[in-house]
Amino acid sequence: MYNRAILLYNIKAGQDKITDQLGDIVEQLAPHVHEFTLLQTLEKGEAEDVCSRLGSEVDLLLIFGGDGTVHECINGLMKVEEEKRPKVVILPGGTCNDFARSLNIRTVKESIAAVLANHSKKLDMGQVNDRYFSNFVGVGLITEASQAKEGHLKEKWGKLGYIMSAVQSLKDPTSFSYSLQTDTESFEGEAVMILAMNGHYLGTAGLFVQDNVMDDGKLDLYILKEAGFSLLKNVYNKSRSDTAKEWLSQAEDIEVFRTNSLKLTTDQAQLADSDGELYLETPLDVVIHQKAIEWIYLVEE
Ligand SMILES: Nc1ncnc2c1ncn2[C@@H]1O[C@H](COP(=O)(O)OP(=O)(O)OP(=O)(O)O)[C@@H](O)[C@H]1O
């Protein structure tokens with residue numbers, strides 16, 4: 001039994017009606033919560049503010065929204081003292097719900113099942129400059145995909161198709177010069193995308209590296225060169241069913257490392273994308289906070 005829970009929901013996320021599903025969720029979870037609060041976040045910044053102010057007063061936070069809503073919430077929660085942070089569960093209400101996928105949660109029904117089964121684990125959260133991220137931070141191609149998501153492609157292609165179509169429609173991705181330092185190595189060169197992943201999904205496609213668990217204090221760093229672009233297109237062609245687990249082993253033009261931290265500078269300032277939100281720019285200083293937030297997840301059968 002949870003003492004206090006907040007169900008924070010964002011009706012602007014995704015394409016399905018979030019409010020229509022609230023009754024069912026509350027009906028199923030209310031028997032397991034003493035004091036249950038429904039809280040609608042109305043504008044950007046409110047979810048972060050609520051989580052930083054009330055995070056220590058509840059023992060369960062349910063986030064009903066997409067990756068952008070989760071991004072705000074974890075930025076609020078990371079301001080709460082570590083031992084006072086609540087357990088968190090995502091009710092996937094967004095377009096991609098990539099971080100929820102890493103927790104094996106793809107539907108609201110699965111979230112409810114996960115709460116009732118009560119499996120949880122503390123997972124790492126990333127920090128880029130003075131902001132936090134749950135799923136990834138990146139520069140280059142990924143920013144174009146996120147911009148496309150906000151525009152007409154989202155309506156045209158629906159939930160699964162838009163990042164793939166955005167990637168497909170880019171004939172010549174712009175490369176940039178970078179210099180990058182991890183905790184053990186330094187690199188420089190030209191790339192079309194650099195990604196530091198904490199989660200395992202990007203635009204609904206699975207990106208799996210061997211042993212990339214989410215609680216070992218390491219990020220997966222991807223450096224995609226121009227020649228690797230066609231390979232990435234193939235990944236998004238195949239990835240609609242999340243089956244692209246093996247593609248990285250053949251990817252010569254995509255370098256992958258695991259690292260605790262990285263510093264990235266680019267010749268010209270590059271817009272950065274964190275969890276699908278575009279508001280940061282290079283240079284980026286990325287670190288990871290090991291086992292920072294406890295997440296409810298679904299055990300895969
Ligand atoms: N705190 C907030 N309160 C209300 N609306 C918000 C808030 N933060 C962002 N928004 C708006 O909500 C929408 C995006 O929500 P979110 O990113 O959670 O879902 P999504 O983009 O549909 O899914 P995903 O990010 O999983 O692909 C945007 O229109 C954004 O302007």
# chains A, B, ... in the order shown; residues from 1 in each chain; ligands from 1
$ residues_near_ligand --ligand "ligand 1" --cutoff "8 Å" --atoms "only C-alpha atoms and all ligand atoms" --output "mmCIF file with N, CA and C atoms, in the first residue's frame"
data_model
loop_
_atom_site.group_PDB
_atom_site.id
_atom_site.type_symbol
_atom_site.label_atom_id
_atom_site.label_comp_id
_atom_site.auth_asym_id
_atom_site.auth_seq_id
_atom_site.Cartn_x
_atom_site.Cartn_y
_atom_site.Cartn_z
ATOM 1 N N ASN A 10 -0.383 14.926 -18.633
ATOM 2 C CA ASN A 10 -0.228 15.998 -19.619
ATOM 3 C C ASN A 10 -1.122 15.680 -20.817
ATOM 4 N N ILE A 11 -2.240 16.408 -20.935
ATOM 5 C CA ILE A 11 -3.203 16.068 -21.992
ATOM 6 C C ILE A 11 -2.690 16.447 -23.384
ATOM 7 N N LYS A 12 -1.569 17.207 -23.442
ATOM 8 C CA LYS A 12 -1.048 17.577 -24.770
ATOM 9 C C LYS A 12 -0.127 16.503 -25.337
ATOM 10 N N ALA A 13 0.221 15.534 -24.539
ATOM 11 C CA ALA A 13 1.128 14.488 -25.019
ATOM 12 C C ALA A 13 0.370 13.514 -25.926
ATOM 13 N N GLY A 14 1.088 13.009 -26.915
ATOM 14 C CA GLY A 14 0.560 11.926 -27.750
ATOM 15 C C GLY A 14 -0.684 12.289 -28.536
ATOM 16 N N GLN A 15 -1.367 11.259 -29.013
ATOM 17 C CA GLN A 15 -2.540 11.487 -29.854
ATOM 18 C C GLN A 15 -3.812 10.882 -29.274
ATOM 19 N N GLN A 40 -3.105 17.828 -13.176
ATOM 20 C CA GLN A 40 -2.872 18.073 -14.598
ATOM 21 C C GLN A 40 -1.809 19.169 -14.756
ATOM 22 N N THR A 41 -0.744 18.852 -15.512
ATOM 23 C CA THR A 41 0.239 19.897 -15.802
ATOM 24 C C THR A 41 -0.268 20.665 -17.026
ATOM 25 N N LEU A 42 -0.351 21.986 -16.873
ATOM 26 C CA LEU A 42 -1.002 22.788 -17.916
ATOM 27 C C LEU A 42 -0.028 23.424 -18.879
ATOM 28 N N GLU A 43 1.176 23.703 -18.396
ATOM 29 C CA GLU A 43 2.126 24.353 -19.305
ATOM 30 C C GLU A 43 3.552 23.927 -19.001
ATOM 31 N N LYS A 44 4.424 24.161 -19.973
ATOM 32 C CA LYS A 44 5.828 23.779 -19.827
ATOM 33 C C LYS A 44 6.394 24.311 -18.529
ATOM 34 N N GLY A 45 7.096 23.502 -17.797
ATOM 35 C CA GLY A 45 7.725 23.939 -16.546
ATOM 36 C C GLY A 45 6.933 23.502 -15.326
ATOM 37 N N GLU A 46 5.623 23.305 -15.492
ATOM 38 C CA GLU A 46 4.804 23.002 -14.315
ATOM 39 C C GLU A 46 5.107 21.604 -13.752
ATOM 40 N N ALA A 47 5.315 20.638 -14.647
ATOM 41 C CA ALA A 47 5.591 19.273 -14.167
ATOM 42 C C ALA A 47 6.907 19.253 -13.384
ATOM 43 N N GLU A 48 7.879 19.976 -13.871
ATOM 44 C CA GLU A 48 9.174 20.034 -13.185
ATOM 45 C C GLU A 48 9.014 20.679 -11.813
ATOM 46 N N GLY A 65 2.214 10.699 -19.679
ATOM 47 C CA GLY A 65 2.619 11.620 -20.746
ATOM 48 C C GLY A 65 3.687 10.951 -21.582
ATOM 49 N N GLY A 66 4.377 11.745 -22.388
ATOM 50 C CA GLY A 66 5.429 11.199 -23.241
ATOM 51 C C GLY A 66 6.813 11.485 -22.676
ATOM 52 N N ASP A 67 7.815 11.307 -23.513
ATOM 53 C CA ASP A 67 9.189 11.481 -23.050
ATOM 54 C C ASP A 67 9.475 12.914 -22.587
ATOM 55 N N GLY A 68 8.794 13.885 -23.210
ATOM 56 C CA GLY A 68 8.998 15.288 -22.809
ATOM 57 C C GLY A 68 8.484 15.521 -21.392
ATOM 58 N N THR A 69 7.377 14.908 -21.066
ATOM 59 C CA THR A 69 6.812 15.045 -19.725
ATOM 60 C C THR A 69 7.714 14.340 -18.706
ATOM 61 N N VAL A 70 8.195 13.161 -19.066
ATOM 62 C CA VAL A 70 9.113 12.432 -18.174
ATOM 63 C C VAL A 70 10.382 13.271 -17.957
ATOM 64 N N HIS A 71 10.855 13.897 -19.025
ATOM 65 C CA HIS A 71 12.063 14.728 -18.945
ATOM 66 C C HIS A 71 11.882 15.842 -17.904
ATOM 67 N N GLU A 72 10.734 16.505 -17.968
ATOM 68 C CA GLU A 72 10.461 17.560 -16.982
ATOM 69 C C GLU A 72 10.421 17.002 -15.567
ATOM 70 N N PRO A 92 2.484 5.352 -20.394
ATOM 71 C CA PRO A 92 2.900 5.909 -21.683
ATOM 72 C C PRO A 92 1.749 6.612 -22.402
ATOM 73 N N GLY A 93 1.847 7.927 -22.510
ATOM 74 C CA GLY A 93 0.789 8.701 -23.151
ATOM 75 C C GLY A 93 1.335 9.556 -24.266
ATOM 76 N N GLY A 94 2.600 9.354 -24.618
ATOM 77 C CA GLY A 94 3.229 10.212 -25.624
ATOM 78 C C GLY A 94 3.272 9.562 -26.991
ATOM 79 N N THR A 95 4.133 10.089 -27.844
ATOM 80 C CA THR A 95 4.245 9.589 -29.207
ATOM 81 C C THR A 95 5.202 8.393 -29.256
ATOM 82 N N CYS A 96 6.392 8.563 -28.687
ATOM 83 C CA CYS A 96 7.378 7.473 -28.743
ATOM 84 C C CYS A 96 7.460 6.685 -27.441
ATOM 85 N N ASN A 97 7.391 7.382 -26.314
ATOM 86 C CA ASN A 97 7.486 6.721 -24.995
ATOM 87 C C ASN A 97 8.742 5.856 -24.906
ATOM 88 N N ASP A 98 9.862 6.427 -25.347
ATOM 89 C CA ASP A 98 11.079 5.625 -25.449
ATOM 90 C C ASP A 98 11.607 5.154 -24.097
ATOM 91 N N LYS A 149 9.296 15.682 -35.565
ATOM 92 C CA LYS A 149 8.263 15.112 -34.712
ATOM 93 C C LYS A 149 7.246 16.169 -34.304
ATOM 94 N N GLU A 150 7.754 17.375 -34.097
ATOM 95 C CA GLU A 150 6.847 18.438 -33.669
ATOM 96 C C GLU A 150 5.985 18.956 -34.828
ATOM 97 N N GLY A 203 13.301 6.933 -30.828
ATOM 98 C CA GLY A 203 12.280 6.974 -31.869
ATOM 99 C C GLY A 203 11.640 5.611 -32.063
ATOM 100 N N ASP A 275 16.266 13.989 -24.522
ATOM 101 C CA ASP A 275 14.964 13.323 -24.401
ATOM 102 C C ASP A 275 13.932 13.888 -25.372
ATOM 103 N N GLY A 276 14.379 14.357 -26.553
ATOM 104 C CA GLY A 276 13.446 14.894 -27.550
ATOM 105 C C GLY A 276 13.158 16.374 -27.370
ATOM 106 N N GLU A 277 13.765 17.008 -26.370
ATOM 107 C CA GLU A 277 13.542 18.442 -26.119
ATOM 108 C C GLU A 277 14.756 19.212 -26.614
#
$ select_by_dssp --residues "stretch 42-88 of chain A" --states "strand (DSSP E)" --output "ChimeraX atom specification"
/A:60-65,87-88
$ write_last_selection --atoms "C-alpha atoms" --output "tab-separated table (two decimals), in the first residue's frame"
chain	number	residue	atom	x	y	z
A	60	LEU	CA	4.72	7.04	-5.70
A	61	LEU	CA	4.72	9.32	-8.73
A	62	LEU	CA	2.79	8.22	-11.81
A	63	ILE	CA	3.71	10.17	-14.94
A	64	PHE	CA	1.07	10.02	-17.68
A	65	GLY	CA	2.62	11.62	-20.75
A	87	LYS	CA	9.21	5.51	-6.81
A	88	VAL	CA	8.22	6.44	-10.33
$ select_by_dssp --residues "stretch 39-205 of chain A" --states "alpha helix (DSSP H)" --output "compact mmCIF listing (two decimals) with C-alpha atoms, in the first residue's frame"
# COMPACT_ATOMS: atom_id res chain seq x y z
CA GLU A 46 4.80 23.00 -14.31
CA ALA A 47 5.59 19.27 -14.17
CA GLU A 48 9.17 20.03 -13.19
CA ASP A 49 8.04 22.49 -10.53
CA VAL A 50 5.47 20.07 -9.06
CA CYS A 51 8.02 17.25 -8.89
CA SER A 52 10.67 19.37 -7.20
CA ARG A 53 8.18 20.76 -4.64
CA LEU A 54 6.10 17.66 -3.91
CA ASP A 67 9.19 11.48 -23.05
CA GLY A 68 9.00 15.29 -22.81
CA THR A 69 6.81 15.05 -19.72
CA VAL A 70 9.11 12.43 -18.17
CA HIS A 71 12.06 14.73 -18.94
CA GLU A 72 10.46 17.56 -16.98
CA CYS A 73 9.54 15.32 -14.07
CA ILE A 74 13.03 13.88 -13.62
CA ASN A 75 14.48 17.39 -13.73
CA GLY A 76 12.21 18.20 -10.77
CA LEU A 77 12.92 14.94 -8.94
CA ASP A 98 11.08 5.63 -25.45
CA PHE A 99 12.10 5.56 -21.79
CA ALA A 100 8.99 3.57 -20.84
CA ARG A 101 10.02 1.02 -23.50
CA SER A 102 13.33 0.54 -21.67
CA VAL A 108 -1.14 1.94 -19.90
CA LYS A 109 -2.39 -1.55 -19.16
CA GLU A 110 1.20 -2.73 -18.78
CA SER A 111 1.96 0.19 -16.41
CA ILE A 112 -0.92 -0.82 -14.18
CA ALA A 113 0.26 -4.44 -14.24
CA ALA A 114 3.76 -3.23 -13.34
CA VAL A 115 2.49 -1.20 -10.35
CA LEU A 116 0.49 -4.16 -9.11
CA ALA A 117 3.42 -6.57 -9.55
CA LEU A 141 20.79 14.27 -37.02
CA ILE A 142 18.72 13.56 -33.93
CA THR A 143 17.78 17.23 -33.56
CA GLU A 144 16.30 17.17 -37.08
CA ALA A 145 14.26 14.09 -36.22
CA SER A 146 12.91 15.76 -33.07
CA GLN A 147 12.01 18.88 -35.02
CA ALA A 148 10.15 16.75 -37.56
CA LYS A 149 8.26 15.11 -34.71
CA GLU A 150 6.85 18.44 -33.67
CA HIS A 152 3.42 17.85 -39.82
CA LEU A 153 5.15 14.46 -40.09
CA LYS A 154 3.70 13.50 -36.73
CA GLU A 155 0.16 13.92 -38.02
CA LYS A 156 0.97 12.39 -41.36
CA TRP A 157 2.73 9.27 -40.15
CA GLY A 158 1.21 8.67 -36.75
CA LYS A 159 2.97 7.12 -33.85
CA LEU A 160 5.66 4.92 -35.28
CA GLY A 161 6.52 6.26 -38.68
CA TYR A 162 7.71 9.78 -38.20
CA ILE A 163 11.31 9.50 -37.11
CA MET A 164 11.91 6.90 -39.76
CA SER A 165 10.36 9.14 -42.39
CA ALA A 166 12.36 12.10 -41.11
CA VAL A 167 15.56 10.08 -41.41
CA GLN A 168 14.54 8.75 -44.83
CA SER A 169 13.80 12.20 -46.13
$ closest_residue --among "A:Met78, A:Val139, A:Ile254, A:Val89" --to "A:Leu278" --atoms "only C-alpha atoms"
A:Val139
$ residues_around --residues "stretch 193-196 of chain A" --least-positions-apart "2" --cutoff "9 Å" --atoms "only C-alpha atoms" --output "PDB file with N, CA and C atoms, in the first residue's frame"
ATOM      1  N   ASN A 135      16.685   9.520 -21.008  1.00  0.00           N
ATOM      2  CA  ASN A 135      16.920   8.621 -22.133  1.00  0.00           C
ATOM      3  C   ASN A 135      18.199   8.919 -22.919  1.00  0.00           C
ATOM      4  N   PHE A 136      18.365  10.163 -23.346  1.00  0.00           N
ATOM      5  CA  PHE A 136      19.555  10.452 -24.166  1.00  0.00           C
ATOM      6  C   PHE A 136      19.826  11.943 -24.242  1.00  0.00           C
ATOM      7  N   VAL A 137      21.055  12.256 -24.663  1.00  0.00           N
ATOM      8  CA  VAL A 137      21.355  13.605 -25.146  1.00  0.00           C
ATOM      9  C   VAL A 137      22.151  13.426 -26.436  1.00  0.00           C
ATOM     10  N   GLY A 138      21.906  14.287 -27.415  1.00  0.00           N
ATOM     11  CA  GLY A 138      22.615  14.111 -28.673  1.00  0.00           C
ATOM     12  C   GLY A 138      22.657  15.382 -29.498  1.00  0.00           C
ATOM     13  N   VAL A 139      23.546  15.382 -30.486  1.00  0.00           N
ATOM     14  CA  VAL A 139      23.622  16.505 -31.428  1.00  0.00           C
ATOM     15  C   VAL A 139      23.649  15.952 -32.852  1.00  0.00           C
ATOM     16  N   GLY A 140      23.348  16.807 -33.836  1.00  0.00           N
ATOM     17  CA  GLY A 140      23.356  16.394 -35.238  1.00  0.00           C
ATOM     18  C   GLY A 140      21.983  15.908 -35.657  1.00  0.00           C
ATOM     19  N   LEU A 141      22.005  14.830 -36.426  1.00  0.00           N
ATOM     20  CA  LEU A 141      20.792  14.273 -37.025  1.00  0.00           C
ATOM     21  C   LEU A 141      19.588  14.153 -36.081  1.00  0.00           C
ATOM     22  N   ILE A 142      19.832  13.781 -34.870  1.00  0.00           N
ATOM     23  CA  ILE A 142      18.723  13.555 -33.934  1.00  0.00           C
ATOM     24  C   ILE A 142      17.903  14.833 -33.723  1.00  0.00           C
ATOM     25  N   PRO A 173      22.806  14.470 -44.651  1.00  0.00           N
ATOM     26  CA  PRO A 173      22.903  15.026 -43.304  1.00  0.00           C
ATOM     27  C   PRO A 173      24.156  15.904 -43.191  1.00  0.00           C
ATOM     28  N   SER A 175      27.415  17.285 -41.714  1.00  0.00           N
ATOM     29  CA  SER A 175      28.391  16.825 -40.720  1.00  0.00           C
ATOM     30  C   SER A 175      29.013  18.026 -40.018  1.00  0.00           C
ATOM     31  N   PHE A 176      29.561  17.772 -38.872  1.00  0.00           N
ATOM     32  CA  PHE A 176      30.194  18.841 -38.089  1.00  0.00           C
ATOM     33  C   PHE A 176      31.499  18.311 -37.491  1.00  0.00           C
ATOM     34  N   ALA A 191      31.397  14.163 -37.796  1.00  0.00           N
ATOM     35  CA  ALA A 191      30.295  13.220 -37.545  1.00  0.00           C
ATOM     36  C   ALA A 191      28.997  13.855 -38.012  1.00  0.00           C
ATOM     37  N   ASN A 198      21.234   6.716 -22.273  1.00  0.00           N
ATOM     38  CA  ASN A 198      21.054   6.001 -21.008  1.00  0.00           C
ATOM     39  C   ASN A 198      20.030   4.879 -21.234  1.00  0.00           C
ATOM     40  N   LEU A 219      27.087   5.376 -19.758  1.00  0.00           N
ATOM     41  CA  LEU A 219      26.259   5.733 -20.913  1.00  0.00           C
ATOM     42  C   LEU A 219      26.805   5.019 -22.140  1.00  0.00           C
ATOM     43  N   ASP A 220      25.934   4.813 -23.146  1.00  0.00           N
ATOM     44  CA  ASP A 220      26.404   4.293 -24.436  1.00  0.00           C
ATOM     45  C   ASP A 220      26.624   5.490 -25.346  1.00  0.00           C
ATOM     46  N   LEU A 221      27.845   5.622 -25.797  1.00  0.00           N
ATOM     47  CA  LEU A 221      28.176   6.766 -26.652  1.00  0.00           C
ATOM     48  C   LEU A 221      28.258   6.298 -28.103  1.00  0.00           C
ATOM     49  N   TYR A 222      27.470   6.908 -28.987  1.00  0.00           N
ATOM     50  CA  TYR A 222      27.449   6.563 -30.410  1.00  0.00           C
ATOM     51  C   TYR A 222      28.013   7.725 -31.209  1.00  0.00           C
ATOM     52  N   ILE A 223      28.961   7.435 -32.071  1.00  0.00           N
ATOM     53  CA  ILE A 223      29.450   8.459 -32.999  1.00  0.00           C
ATOM     54  C   ILE A 223      29.149   7.960 -34.413  1.00  0.00           C
ATOM     55  N   LEU A 224      28.270   8.690 -35.092  1.00  0.00           N
ATOM     56  CA  LEU A 224      27.834   8.264 -36.427  1.00  0.00           C
ATOM     57  C   LEU A 224      28.509   9.136 -37.472  1.00  0.00           C
ATOM     58  N   LYS A 225      29.323   8.491 -38.329  1.00  0.00           N
ATOM     59  CA  LYS A 225      29.972   9.228 -39.415  1.00  0.00           C
ATOM     60  C   LYS A 225      29.045   9.248 -40.618  1.00  0.00           C
ATOM     61  N   GLU A 226      29.392  10.113 -41.590  1.00  0.00           N
ATOM     62  CA  GLU A 226      28.499  10.274 -42.729  1.00  0.00           C
ATOM     63  C   GLU A 226      28.207   8.941 -43.412  1.00  0.00           C
ATOM     64  N   LEU A 262      31.379  12.499 -20.498  1.00  0.00           N
ATOM     65  CA  LEU A 262      31.992  13.006 -21.718  1.00  0.00           C
ATOM     66  C   LEU A 262      31.873  14.516 -21.805  1.00  0.00           C
ATOM     67  N   VAL A 286      28.733  16.042 -19.958  1.00  0.00           N
ATOM     68  CA  VAL A 286      27.751  15.012 -19.611  1.00  0.00           C
ATOM     69  C   VAL A 286      28.315  14.098 -18.521  1.00  0.00           C
TER      70      VAL A 286
END
$ closest_residue --among "A:Glu190, A:Glu35, A:Asp16, A:Asp183" --to "A:Phe257" --atoms "only C-alpha atoms"
A:Asp183
$ atom_distance --atom1 "atom CA of A:Val26" --atom2 "atom CA of A:Lys122"
25.1 Å
$ residues_around --residues "A:Ser186" --least-positions-apart "5" --cutoff "10 Å" --atoms "only C-alpha atoms" --output "list in words"
Ser179, Leu180, Gln181, Leu262, Lys263 and Leu264 of chain A
$ closest_residue --among "A:Asp130, A:Glu301, A:Glu82, A:Glu188" --to "A:Thr265" --atoms "only C-alpha atoms"
A:Glu188
$ residues_around --residues "A:Leu123" --least-positions-apart "4" --cutoff "9 Å" --atoms "only C-alpha atoms" --output "list in words"
Val213, Met214, Asp215, Asp216, Gly217, His289, Gln290, Lys291, Ala292, Ile293, Glu294 and Trp295 of chain A
$ write_last_selection --atoms "N, CA and C atoms" --output "compact mmCIF listing (two decimals), in the first residue's frame"
# COMPACT_ATOMS: atom_id res chain seq x y z
N VAL A 213 23.29 -2.33 -19.37
CA VAL A 213 22.31 -2.19 -18.30
C VAL A 213 22.21 -0.72 -17.91
N MET A 214 21.16 -0.36 -17.23
CA MET A 214 20.97 1.07 -16.93
C MET A 214 21.29 1.42 -15.47
N ASP A 215 22.05 0.56 -14.80
CA ASP A 215 22.36 0.90 -13.40
C ASP A 215 23.85 0.77 -13.08
N ASP A 216 24.70 0.79 -14.13
CA ASP A 216 26.13 0.61 -13.87
C ASP A 216 26.92 1.91 -13.98
N GLY A 217 26.20 3.04 -14.03
CA GLY A 217 26.90 4.33 -14.05
C GLY A 217 27.56 4.62 -15.39
N HIS A 289 24.50 9.99 -13.02
CA HIS A 289 24.26 9.79 -11.59
C HIS A 289 23.76 8.37 -11.43
N GLN A 290 24.59 7.56 -10.80
CA GLN A 290 24.28 6.13 -10.75
C GLN A 290 23.12 5.86 -9.79
N LYS A 291 22.19 5.02 -10.25
CA LYS A 291 21.05 4.58 -9.44
C LYS A 291 20.35 5.74 -8.74
N ALA A 292 19.99 6.74 -9.51
CA ALA A 292 19.49 7.99 -8.93
C ALA A 292 17.99 7.98 -8.65
N ILE A 293 17.21 7.25 -9.46
CA ILE A 293 15.75 7.24 -9.27
C ILE A 293 15.26 5.79 -9.37
N GLU A 294 14.30 5.45 -8.50
CA GLU A 294 13.76 4.09 -8.50
C GLU A 294 12.53 4.02 -9.42
N TRP A 295 12.61 3.16 -10.43
CA TRP A 295 11.55 3.05 -11.44
C TRP A 295 10.82 1.72 -11.31
